[in-house]
Structures are given as structure tokens and as C-alpha cells.
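Structure record follows, encoded as C-alpha cells.
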Amino acid sequence: MLEVENLSAGYGRGDVIRDLTFMAMKGELYLLLGANGAGKTTTFRAITGILPPSKGRVVVEGIDLWREPEKAKMKIGYLPEGERVYPNLSVYRNLLLFARLYGTEEERINEVLREFNLHEYQDKKAGELSRGLRKRLALARALLHEPEVLVLDEPFSNLDVPSVMDLRDKIFESLDEGRVVLFSTHILSELQHFEGIKCRVGIIKDGRLILEEKFENLMSLLRSVEVVITVTNQGLALQILKEEGYPVKAEGRNVVVSVSNYVVEVPKITRVLSENDIGVLQVRPKEVPLERLFIELSTR
């Protein structure tokens with residue numbers, strides 16, 4: 001379990017984050033959403049022990065991070081934004097450095113190299129790897145000491161599709177293994193990939209947590225959401241949804257429907273399509289800027 005209580009922190013000219021309080025449980029994904037500059041990275045630096053707080057406390061598996069920092073940090077794995085590997089060291093020596101810092105046996109390095117399919121690159125300098133492989137190395141390093149809490153700062157930024165899918169699989173594996181997993185993003189549509197798992201979302205704006213909600217309840221807070229539906233018969237789907245009174249349009253091979261309540265209306269739409277022998281292959285919200293959600297919240 002990770003507990004954050006009244007946490008404030010900054011860089012010398014006042015606090016960037018103020019009075020943050022939240023809790024993440026084992027086997028649960030906690031997703032911190034916020035626009036660029038909202039305070040996500042500062043939050044993660046404070047809860048991983050890199051940035052001292054001006055007030056508040058962080059408790060990791062019952063251990064106060066600032067009273068027993070070495071003991072608490074052993075339980076945290078951190079993937080900073082932008083990989084941050086040592087480019088002039090080989091893949092193996094990047095891992096060896098951290099193995100020695102954490103007192104981890106060198107045999108564990110070989111296990112991690114195999115687990116992340118990095119063994120064929122172990123003698124190559126990290127700076128010569130592709131961005132996706134560098135991210136994989138950074139995640140391997142974060143999990144090297146088998147932490148109970150995994151913190152990932154904007155893990156999907158600037159990755160190609162195969163690398164993104166690999167990284168998501170590792171997140172799911174970590175959750176299945178009972179870890180607490182936190183990651184941050186500024187793209188609301190990233191939520192769609194974590195439907196069906198235990199997930200809570202915290203939304204941060206100007207350094208303050210303005211909303212904390214279960215994933216399944218979040219979309220109901222948005223009015224007039226555009227939903228992209230991949231179907232087996234686009235023409236018939238457009239016709240039927242128009243007859244049902246939905247604002248609908250074609251977009252590529254998909255249909256795009258505007259709904260006022262995502263949670264309530266999407267199941268109705270998929271049921272109508274299925275009843276008319278139209279296969280529904282995928283349903284997802286279109287990317288929604290966070291500012292849109294902030295506007296919705298401010299009007300309530």
C-alpha cells in the first residue's frame with residue numbers, strides 16, 4: 001500500500017504541489033491524470049524520495065519515506081519520464097550499477113535480461129538502443145530489485161505501437177503479481193486500455209488533486225463524449241444509429257457517435273448494433289483534452 005498525506009513540495013520558489021492526499025492499494029492501478037505542468041512529475045519525485053516535501057508524509061508498506069528512507073526506497077521502483085539510462089554504459093552495466101545500489105544478486109540481472117528480451121543487447125551501449133528498447137531497459141531497472149510499488153512517469157510518451165503494447169503487458173503483469181502501480185499521463189484516452197481492471201483515477205490541476213474517481217465512473221462526468229466504434233458493417237450501423245436518434249458520422253472505417261453519458265449509453269448502442277447482426281469489434285472514446293474535463297467539473 002502507498003499512502004500520501006497532505007503532501008506539498010516544490011523547488012525553492014514555493015510549492016508546485018499542495019496538500020495532495022491519496023492512497024493506492026496492492027493489485028490496483030492508480031492513474032494520475034493532468035495537463036503538462038500540472039504537477040505530475042513533481043508528485044512522483046516526492047513520493048519516490050527524490051524531492052523532499054515541504055510538508056506531509058509518504059508511507060510505503062507501513063514505512064515512512066522520510067523517517068526510514070533507505071528501507072522505504074527498497075520497496076519502490078521508479079521509471080522517470082524519458083528513460084534516463086546511462087548512454088555510455090552497456091545494457092548489462094546499467095543494470096549492474098543498480099543491482100549493487102540495491103544489494104541485488106547479479107543472477108537477478110540475467111533473469112531480468114531474459115524477462116525483458118534484452119539478453120541479445122546486453123553488451124551494447126544503452127545510448128545506441130532504440131527509444132523503445134531504452135524504455136524497456138529503464139523498466140527492467142525499475143523492477144530489478146522486485147519492488148512492491150511501481151511508479152511510472154509518462155511511460156507511453158514517444159513510443160511506437162509495439163513498445164506501448166509491451167509496456168502495457170508489463171503493467172498488467174505487475175498488477176497480477178500484487179504490486180501497487182502508479183503512472184501518470186496527460187491523455188485521457190489512455191484510460192481505455194485499462195477498462196476491466198481495478199483502477200482509480202486522480203486528476204491534478206495546478207498542483208492540486210481536483211478529482212479522484214473509479215475508472216468506471218469517470219466517463220459519466222463528461223457530457224457529449226464522442227465514441228469511436230469499429231463495426232463489421234459501417235453503412236448499416238450508420239443507418240440504424242441515425243434511426244435511433246444518435247448523432248453519428250463515418251470516420252475511416254469506423255462510426256463515431258456522440259453520447260451524453262458514456263457509461264449508460266454505450267452499452268445500449270452496442271446492444272442495438274448486435275441485435276441487428278452488426279459485429280462490434282472495438283469501442284473507445286475519442287481522445288478528450290483534459291481541459292474539457294476541467295470545464296465540465298467547474299460547471300458543477
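By order in the C-alpha cells, chains are A, B, ...; within a chain, residues start at 1; ligands start at 1, following the order shown.
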Using DSSP assignments from the backbone, pull out every residue in stretch 109-169 of chain A that falls under alpha helix (DSSP H) and give it to me as an mmCIF file with C-alpha atoms, in the first residue's frame.
```cif
data_model
loop_
_atom_site.group_PDB
_atom_site.id
_atom_site.type_symbol
_atom_site.label_atom_id
_atom_site.label_comp_id
_atom_site.auth_asym_id
_atom_site.auth_seq_id
_atom_site.Cartn_x
_atom_site.Cartn_y
_atom_site.Cartn_z
ATOM 1 C CA ILE A 109 20.353 -9.301 -13.773
ATOM 2 C CA ASN A 110 20.367 -12.367 -16.009
ATOM 3 C CA GLU A 111 16.768 -13.116 -15.042
ATOM 4 C CA VAL A 112 15.700 -9.576 -15.933
ATOM 5 C CA LEU A 113 17.610 -9.618 -19.228
ATOM 6 C CA ARG A 114 15.712 -12.761 -20.235
ATOM 7 C CA GLU A 115 12.374 -11.480 -18.929
ATOM 8 C CA ARG A 131 13.760 4.537 -27.797
ATOM 9 C CA GLY A 132 11.545 1.510 -27.185
ATOM 10 C CA LEU A 133 14.490 -0.628 -26.049
ATOM 11 C CA ARG A 134 15.767 2.150 -23.792
ATOM 12 C CA LYS A 135 12.336 2.329 -22.169
ATOM 13 C CA ARG A 136 12.373 -1.440 -21.755
ATOM 14 C CA LEU A 137 15.794 -1.205 -20.111
ATOM 15 C CA ALA A 138 14.593 1.551 -17.778
ATOM 16 C CA LEU A 139 11.583 -0.544 -16.751
ATOM 17 C CA ALA A 140 13.822 -3.587 -16.225
ATOM 18 C CA ARG A 141 15.985 -1.437 -13.974
ATOM 19 C CA ALA A 142 12.920 -0.257 -12.011
ATOM 20 C CA LEU A 143 11.844 -3.872 -11.393
ATOM 21 C CA VAL A 161 2.846 0.915 -31.022
ATOM 22 C CA PRO A 162 4.703 -2.397 -30.346
ATOM 23 C CA SER A 163 6.661 -0.783 -27.493
ATOM 24 C CA VAL A 164 3.473 0.673 -25.995
ATOM 25 C CA MET A 165 1.795 -2.743 -26.106
ATOM 26 C CA ASP A 166 4.822 -4.414 -24.476
ATOM 27 C CA LEU A 167 4.828 -1.822 -21.714
ATOM 28 C CA ARG A 168 1.114 -2.244 -21.048
ATOM 29 C CA ASP A 169 1.619 -6.004 -20.752
#
```
DSSP strand (DSSP E or B) residues within stretch 117-277 of chain A, listed as a ChimeraX atom specification: /A:125,149-152,180-185,199-205,208-214,225-231,248-251,254-259
I need the residues from that last selection saved to file as a compact mmCIF listing (two decimals), in the first residue's frame (with N, CA and C atoms), if you can.
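Now in out_26.txt:
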```
# COMPACT_ATOMS: atom_id res chain seq x y z
N LYS A 125 25.92 -0.49 -25.92
CA LYS A 125 25.74 0.73 -25.13
C LYS A 125 24.27 1.15 -25.17
N VAL A 149 6.02 -1.39 -5.00
CA VAL A 149 5.35 -0.22 -5.58
C VAL A 149 6.10 0.18 -6.84
N LEU A 150 5.37 0.30 -7.95
CA LEU A 150 5.97 0.68 -9.22
C LEU A 150 5.39 2.02 -9.65
N VAL A 151 6.28 3.01 -9.88
CA VAL A 151 5.86 4.37 -10.23
C VAL A 151 6.40 4.70 -11.62
N LEU A 152 5.50 5.02 -12.55
CA LEU A 152 5.86 5.24 -13.95
C LEU A 152 5.40 6.63 -14.39
N VAL A 180 1.50 -2.46 -6.22
CA VAL A 180 0.84 -1.16 -6.39
C VAL A 180 1.48 -0.53 -7.63
N VAL A 181 0.68 -0.09 -8.57
CA VAL A 181 1.21 0.54 -9.79
C VAL A 181 0.59 1.92 -9.94
N LEU A 182 1.46 2.93 -10.05
CA LEU A 182 1.02 4.29 -10.35
C LEU A 182 1.66 4.72 -11.66
N PHE A 183 0.87 5.35 -12.52
CA PHE A 183 1.50 6.01 -13.65
C PHE A 183 0.75 7.27 -14.00
N SER A 184 1.47 8.17 -14.64
CA SER A 184 0.89 9.47 -14.99
C SER A 184 0.76 9.59 -16.50
N THR A 185 -0.18 10.39 -16.93
CA THR A 185 -0.34 10.70 -18.35
C THR A 185 -1.12 11.99 -18.47
N CYS A 199 -8.92 0.03 -11.05
CA CYS A 199 -8.23 1.26 -11.43
C CYS A 199 -8.94 2.47 -10.85
N ARG A 200 -8.15 3.36 -10.26
CA ARG A 200 -8.67 4.64 -9.81
C ARG A 200 -7.89 5.75 -10.50
N VAL A 201 -8.58 6.86 -10.71
CA VAL A 201 -8.00 7.98 -11.44
C VAL A 201 -8.00 9.21 -10.55
N GLY A 202 -6.84 9.84 -10.43
CA GLY A 202 -6.75 11.13 -9.76
C GLY A 202 -6.43 12.19 -10.80
N ILE A 203 -7.15 13.27 -10.78
CA ILE A 203 -6.90 14.36 -11.73
C ILE A 203 -6.27 15.53 -11.00
N ILE A 204 -5.10 15.93 -11.48
CA ILE A 204 -4.34 17.00 -10.84
C ILE A 204 -4.33 18.22 -11.75
N LYS A 205 -4.57 19.38 -11.14
CA LYS A 205 -4.57 20.64 -11.88
C LYS A 205 -3.93 21.70 -10.99
N ARG A 208 -2.91 20.67 -7.49
CA ARG A 208 -3.90 20.18 -6.54
C ARG A 208 -4.71 19.04 -7.15
N LEU A 209 -5.07 18.09 -6.32
CA LEU A 209 -5.92 16.98 -6.75
C LEU A 209 -7.36 17.47 -6.75
N ILE A 210 -7.94 17.63 -7.94
CA ILE A 210 -9.29 18.19 -8.02
C ILE A 210 -10.38 17.13 -8.12
N LEU A 211 -9.98 15.89 -8.42
CA LEU A 211 -10.96 14.82 -8.52
C LEU A 211 -10.26 13.48 -8.32
N GLU A 212 -10.91 12.58 -7.62
CA GLU A 212 -10.45 11.20 -7.53
C GLU A 212 -11.68 10.32 -7.73
N GLU A 213 -11.59 9.40 -8.69
CA GLU A 213 -12.77 8.65 -9.06
C GLU A 213 -12.38 7.27 -9.59
N LYS A 214 -13.25 6.29 -9.40
CA LYS A 214 -13.06 4.99 -10.04
C LYS A 214 -13.16 5.15 -11.54
N VAL A 225 -19.74 13.01 -25.17
CA VAL A 225 -18.50 12.31 -25.50
C VAL A 225 -18.63 11.69 -26.88
N GLU A 226 -17.59 11.84 -27.71
CA GLU A 226 -17.58 11.16 -29.00
C GLU A 226 -16.96 9.78 -28.81
N VAL A 227 -17.68 8.75 -29.27
CA VAL A 227 -17.27 7.37 -29.12
C VAL A 227 -16.98 6.78 -30.49
N VAL A 228 -15.82 6.19 -30.64
CA VAL A 228 -15.43 5.54 -31.90
C VAL A 228 -15.77 4.06 -31.80
N ILE A 229 -16.55 3.56 -32.76
CA ILE A 229 -16.97 2.15 -32.75
C ILE A 229 -16.52 1.51 -34.06
N THR A 230 -15.76 0.45 -33.95
CA THR A 230 -15.34 -0.33 -35.11
C THR A 230 -16.34 -1.46 -35.30
N VAL A 231 -16.96 -1.49 -36.48
CA VAL A 231 -18.04 -2.45 -36.73
C VAL A 231 -17.77 -3.24 -38.01
N VAL A 248 -24.44 10.70 -35.46
CA VAL A 248 -23.46 9.71 -35.87
C VAL A 248 -22.85 10.11 -37.21
N LYS A 249 -21.60 9.75 -37.42
CA LYS A 249 -20.91 10.04 -38.67
C LYS A 249 -19.89 8.95 -38.95
N ALA A 250 -19.47 8.88 -40.21
CA ALA A 250 -18.42 7.93 -40.59
C ALA A 250 -17.06 8.58 -40.39
N GLU A 251 -16.10 7.77 -39.97
CA GLU A 251 -14.73 8.25 -39.83
C GLU A 251 -13.81 7.09 -40.18
N ASN A 254 -14.71 3.42 -39.31
CA ASN A 254 -15.44 3.40 -38.05
C ASN A 254 -16.68 4.27 -38.13
N VAL A 255 -17.52 4.14 -37.11
CA VAL A 255 -18.61 5.10 -36.91
C VAL A 255 -18.31 5.85 -35.62
N VAL A 256 -18.64 7.13 -35.61
CA VAL A 256 -18.41 7.98 -34.44
C VAL A 256 -19.75 8.48 -33.95
N VAL A 257 -20.08 8.18 -32.70
CA VAL A 257 -21.37 8.52 -32.12
C VAL A 257 -21.15 9.49 -30.96
N SER A 258 -21.99 10.52 -30.89
CA SER A 258 -21.95 11.44 -29.75
C SER A 258 -22.95 10.97 -28.70
N VAL A 259 -22.48 10.81 -27.46
CA VAL A 259 -23.36 10.39 -26.37
C VAL A 259 -23.26 11.38 -25.23
```
Selection: 10 Å around A:Ser157, only C-alpha atoms, excl. self and same-chain fewer than 2 positions, as a PyMOL selection string: chain A and resi 81-82+153-155+159-160+164+185-187
Written selection (N, CA and C atoms) as a JSON list (two decimals), in the first residue's frame:
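Once written, again-v3.json looks like this:
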```
[["chain", "number", "residue", "atom", "x", "y", "z"],
["A", 81, "GLU", "N", 10.28, 10.02, -16.39],
["A", 81, "GLU", "CA", 9.93, 10.41, -17.76],
["A", 81, "GLU", "C", 11.20, 10.50, -18.60],
["A", 82, "GLY", "N", 11.17, 9.87, -19.78],
["A", 82, "GLY", "CA", 12.31, 9.96, -20.68],
["A", 82, "GLY", "C", 13.43, 8.98, -20.39],
["A", 153, "ASP", "N", 6.36, 7.48, -14.75],
["A", 153, "ASP", "CA", 6.05, 8.86, -15.13],
["A", 153, "ASP", "C", 5.95, 8.97, -16.65],
["A", 154, "GLU", "N", 4.75, 9.24, -17.17],
["A", 154, "GLU", "CA", 4.50, 9.36, -18.61],
["A", 154, "GLU", "C", 5.17, 8.21, -19.38],
["A", 155, "PRO", "N", 4.86, 6.96, -19.03],
["A", 155, "PRO", "CA", 5.62, 5.84, -19.60],
["A", 155, "PRO", "C", 5.41, 5.62, -21.09],
["A", 159, "LEU", "N", 6.57, 6.56, -27.77],
["A", 159, "LEU", "CA", 6.87, 5.17, -28.08],
["A", 159, "LEU", "C", 6.08, 4.72, -29.31],
["A", 160, "ASP", "N", 6.65, 3.76, -30.06],
["A", 160, "ASP", "CA", 5.89, 3.18, -31.17],
["A", 160, "ASP", "C", 4.88, 2.18, -30.61],
["A", 164, "VAL", "N", 4.58, 0.32, -26.90],
["A", 164, "VAL", "CA", 3.47, 0.67, -25.99],
["A", 164, "VAL", "C", 2.75, -0.59, -25.52],
["A", 185, "THR", "N", -0.18, 10.39, -16.93],
["A", 185, "THR", "CA", -0.34, 10.70, -18.35],
["A", 185, "THR", "C", -1.12, 11.99, -18.47],
["A", 186, "HIS", "N", -1.02, 12.63, -19.65],
["A", 186, "HIS", "CA", -1.82, 13.84, -19.90],
["A", 186, "HIS", "C", -2.89, 13.56, -20.95],
["A", 187, "ILE", "N", -3.05, 12.29, -21.35],
["A", 187, "ILE", "CA", -4.01, 11.93, -22.40],
["A", 187, "ILE", "C", -5.11, 11.07, -21.80]]
```
Point-to-point distance in Å for atom CA of A:Leu65 and atom CA of A:Gly49: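 About the pair atom CA of A:Gly49 and atom CA of A:Leu65: they are 6.8 Å apart.
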Residues near A:Lys268, cut-off 12 Å, only C-alpha atoms, skip fewer than 4 positions along chain, as a list in words: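 The residues satisfying every condition are Leu241, Glu244, Tyr246, Val259, Asn261, Tyr262, Val263, Val264, Val272, Leu273, Ser274 and Glu275 of chain A.
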Straight-line distance linking atom CA of A:Glu120 with atom CA of A:Glu106, stated in Å to one decimal: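 Rounded to one decimal, the two atoms are 17.2 Å apart.
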Long-range neighbours of A:Gly39 as a PyMOL selection string, 7 Å cut-off, only C-alpha atoms, 4 positions minimum in chain: chain A and resi 16-17+43+206-207
Residue contacts of A:Leu51 (12 Å, only C-alpha atoms) excluding same-chain residues fewer than 2 positions away, as a list in words: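 The contact residues come out as Leu7, Ser8, Ala9, Gly10, Tyr11, Gly12, Asp15, Val16, Ile17, Thr41, Thr42, Thr43, Phe44, Arg45, Ala46, Ile47, Thr48, Gly49, Pro53, Ser54, Lys55, Val58, Leu65, Trp66 and Pro69 of chain A.
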Preceding selection exported with C-alpha atoms as an mmCIF file, in the first residue's frame:
```cif
data_model
loop_
_atom_site.group_PDB
_atom_site.id
_atom_site.type_symbol
_atom_site.label_atom_id
_atom_site.label_comp_id
_atom_site.auth_asym_id
_atom_site.auth_seq_id
_atom_site.Cartn_x
_atom_site.Cartn_y
_atom_site.Cartn_z
ATOM 1 C CA LEU A 7 1.874 16.295 0.600
ATOM 2 C CA SER A 8 3.327 19.619 -0.587
ATOM 3 C CA ALA A 9 6.638 20.046 -2.420
ATOM 4 C CA GLY A 10 8.463 22.437 -4.722
ATOM 5 C CA TYR A 11 11.821 23.665 -5.949
ATOM 6 C CA GLY A 12 12.667 26.703 -3.805
ATOM 7 C CA ASP A 15 5.259 24.648 -3.625
ATOM 8 C CA VAL A 16 4.396 23.148 -7.005
ATOM 9 C CA ILE A 17 2.078 20.553 -5.472
ATOM 10 C CA THR A 41 6.389 14.728 -12.209
ATOM 11 C CA THR A 42 6.825 16.743 -9.002
ATOM 12 C CA THR A 43 4.348 14.417 -7.286
ATOM 13 C CA PHE A 44 6.236 11.332 -8.390
ATOM 14 C CA ARG A 45 9.602 12.782 -7.393
ATOM 15 C CA ALA A 46 8.225 13.496 -3.937
ATOM 16 C CA ILE A 47 6.657 10.067 -3.428
ATOM 17 C CA THR A 48 9.818 8.262 -4.593
ATOM 18 C CA GLY A 49 12.103 10.210 -2.258
ATOM 19 C CA PRO A 53 8.450 17.642 0.738
ATOM 20 C CA SER A 54 7.782 20.944 2.461
ATOM 21 C CA LYS A 55 5.090 19.168 4.470
ATOM 22 C CA VAL A 58 4.532 9.325 2.275
ATOM 23 C CA LEU A 65 9.624 7.503 3.466
ATOM 24 C CA TRP A 66 11.433 10.360 5.217
ATOM 25 C CA PRO A 69 14.303 6.472 3.510
#
```
Atom pair atom CA of A:Gly77 / atom CA of A:Gly14: separation (Å):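 Separation between atom CA of A:Gly77 and atom CA of A:Gly14: 27.6 Å.
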Residue nearest A:Ser224 among A:Arg179, A:Lys286, A:Arg253, A:His193 (counting only C-alpha atoms):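 Using only C-alpha atoms, A:Ser224 sits closest to A:Lys286.
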